[in-house]
Structure formats: structure tokens, C-alpha cells
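Asker: Got a structure here, written out as C-alpha cells. Questions coming.
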Amino acid sequence: MKKIFIFFLSLFFISGCASAARHRQLTQDDTGDRITVGKVQREIKVGMPSAQVAEILGSPNIVSTDEERREVWVYDKVATDVSYSNSEAGASLILFGGAGSSGAASSTQRTLTIIIKFDNAGKVRDFSYHSSKF
């Protein structure tokens with residue numbers, strides 16, 4: 001009887017120390033192809049036609065004009081990264097009829113604002129961007 005008790009006790013301690021952690025990252029972004037600072041730096045060039053900019057970055061969030069009636073495109077992207085972590089002790093289910101679990105979640109927000117100014121011929125004359133993470 002004492003050996004059976006020691007067996008179950010050791011099984012309980014072993015299972016209590018063993019935990020399975022799962023990490024899952026979800027990104028919510030309103031575009032299928034993610035726009036990054038690197039993509040803007042690599043692919044957007046002064047003198048590029050607006051059609052090519054739209055092909056690379058997609059449709060802008062805002063289209064307006066400056067004081068000289070030249071188009072200005074604004075891309076304003078926000079993404080949320082969520083990370084979940086779960087730990088479970090499964091062998092306690094056999095011994096005590098329940099399973100213990102704990103977990104944690106953390107999230108990070110990223111923003112990217114891109115402003116592209118066009119000349120009267122519809123070609124990029126200037127562009128700027130701002131990125132933040134919090």
C-alpha cells in the first residue's frame with residue numbers, strides 16, 4: 001500500500017513540474033500584404049508615377065490636395081500583435097479530478113503613417129513616414 005501511495009505521489013510531483021506552453025501570435029492588419037518602413041524605403045522613389053505607388057502600397061486611407069492643388073496620399077496603418085501563453089498540469093486530473101492551468105497574454109500596437117506628395121504630373125515629389133510601437 002505504501003509503494004502505491006509513493007508511486008502516485010511521485011507521479012503527481014512529476015506532472016506538476018511538467019508544463020506545456022503554447023505561444024500564438026495574432027496580427028490584425030487591414031491589408032493582406034503588410035506595409036513596412038523597409039518596403040517604403042526600398043520601393044518608393046521620387047519621380048515614381050502614382051499608379052506604381054498604388055500598385056506597391058495599395059489604396060491610401062486619405063487623399064487630399066495641398067495649397068497648390070497637388071495630390072497628397074496618406075497611408076495610416078495600425079496593427080496589434082497579441083501573444084498568448086498557457087501552462088497546464090494534466091496528471092492532476094487523474095489524481096484529483098481537476099486540471100490546473102495558468103496563462104498570460106500580452107499585446108503590442110504598431111502604427112505606420114506614410115505621407116506621399118505628388119507633383120502636377122502625378123509623380124512622387126516627396127514622401128515621409130513615421131513608425132511607432134507601444
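Residues are referred to by chain and number: the chain letter is A, B, ... according to the order shown in the C-alpha cells, the number counts from 1 in that chain, and ligands are numbered separately from 1 in the order shown.
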With only C-alpha atoms counted and 9 Å as the cut-off, give the residues of range 98-123 of chain A in contact with range 48-62 of chain A, each with its shortest interatomic distance in Å and the pair that gives it, as a Markdown table.
Answerer:
| residue | atom | partner | partner_atom | distance |
| --- | --- | --- | --- | --- |
| A:Phe118 | CA | A:Ser50 | CA | 7.6 |
| A:Ala121 | CA | A:Pro49 | CA | 8.4 |
| A:Gly122 | CA | A:Ser50 | CA | 5.8 |
| A:Lys123 | CA | A:Pro49 | CA | 4.3 |
Asker: Report, in Å to a single decimal, how far apart CA of Thr113 in chain A and CA of Val72 in chain A are.
Answerer: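 Between CA of Val72 in chain A and CA of Thr113 in chain A the gap works out to 12.8 Å.
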Asker: Leaving out Val46 in chain A and any residue of its chain fewer than 2 positions from it, which residues lie within 8 Å of it when counting only C-alpha atoms, given as a list in words?
Answerer: Ile44, Met48, Lys123, Val124, Arg125, Asp126 and Phe127 of chain A
Asker: For Tyr75 in chain A, which residue out of A:Val63, A:Gln41, A:Asp119, A:Arg110 is the nearest one, using only C-alpha atoms?
Answerer: A:Val63
Asker: Figure out the distance between CA of Ile35 in chain A and CA of Arg69 in chain A, please, to one decimal in Å.
Answerer: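 For CA of Arg69 in chain A relative to CA of Ile35 in chain A, the distance reads 27.0 Å.
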Asker: CA of Lys133 in chain A and CA of Ser85 in chain A are how many Å apart?
Answerer: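 So the two atoms, CA of Lys133 in chain A and CA of Ser85 in chain A, lie 21.2 Å apart.
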Asker: Just the residues within 7 Å of Ile114 in chain A, please, counting only C-alpha atoms, with nothing from its chain fewer than 5 positions along; format it as a short mmCIF file (atom, residue, chain, number, x, y, z; two decimals) with N, CA and C atoms, in the first residue's frame.
Answerer:
data_model
loop_
_atom_site.label_atom_id
_atom_site.label_comp_id
_atom_site.auth_asym_id
_atom_site.auth_seq_id
_atom_site.Cartn_x
_atom_site.Cartn_y
_atom_site.Cartn_z
N VAL A 74 -2.15 59.72 -47.92
CA VAL A 74 -1.78 59.33 -46.56
C VAL A 74 -2.17 57.88 -46.33
N TYR A 75 -1.21 57.10 -45.93
CA TYR A 75 -1.43 55.72 -45.51
C TYR A 75 -1.28 55.69 -44.00
N ASP A 76 -2.30 55.25 -43.30
CA ASP A 76 -2.26 55.20 -41.84
C ASP A 76 -2.62 53.78 -41.43
N SER A 128 7.32 60.95 -46.76
CA SER A 128 7.83 60.83 -45.40
C SER A 128 7.03 59.74 -44.69
N TYR A 129 7.56 59.30 -43.55
CA TYR A 129 6.88 58.25 -42.80
C TYR A 129 7.22 58.38 -41.33
N HIS A 130 6.35 57.83 -40.51
CA HIS A 130 6.56 57.80 -39.06
C HIS A 130 6.07 56.45 -38.55
#
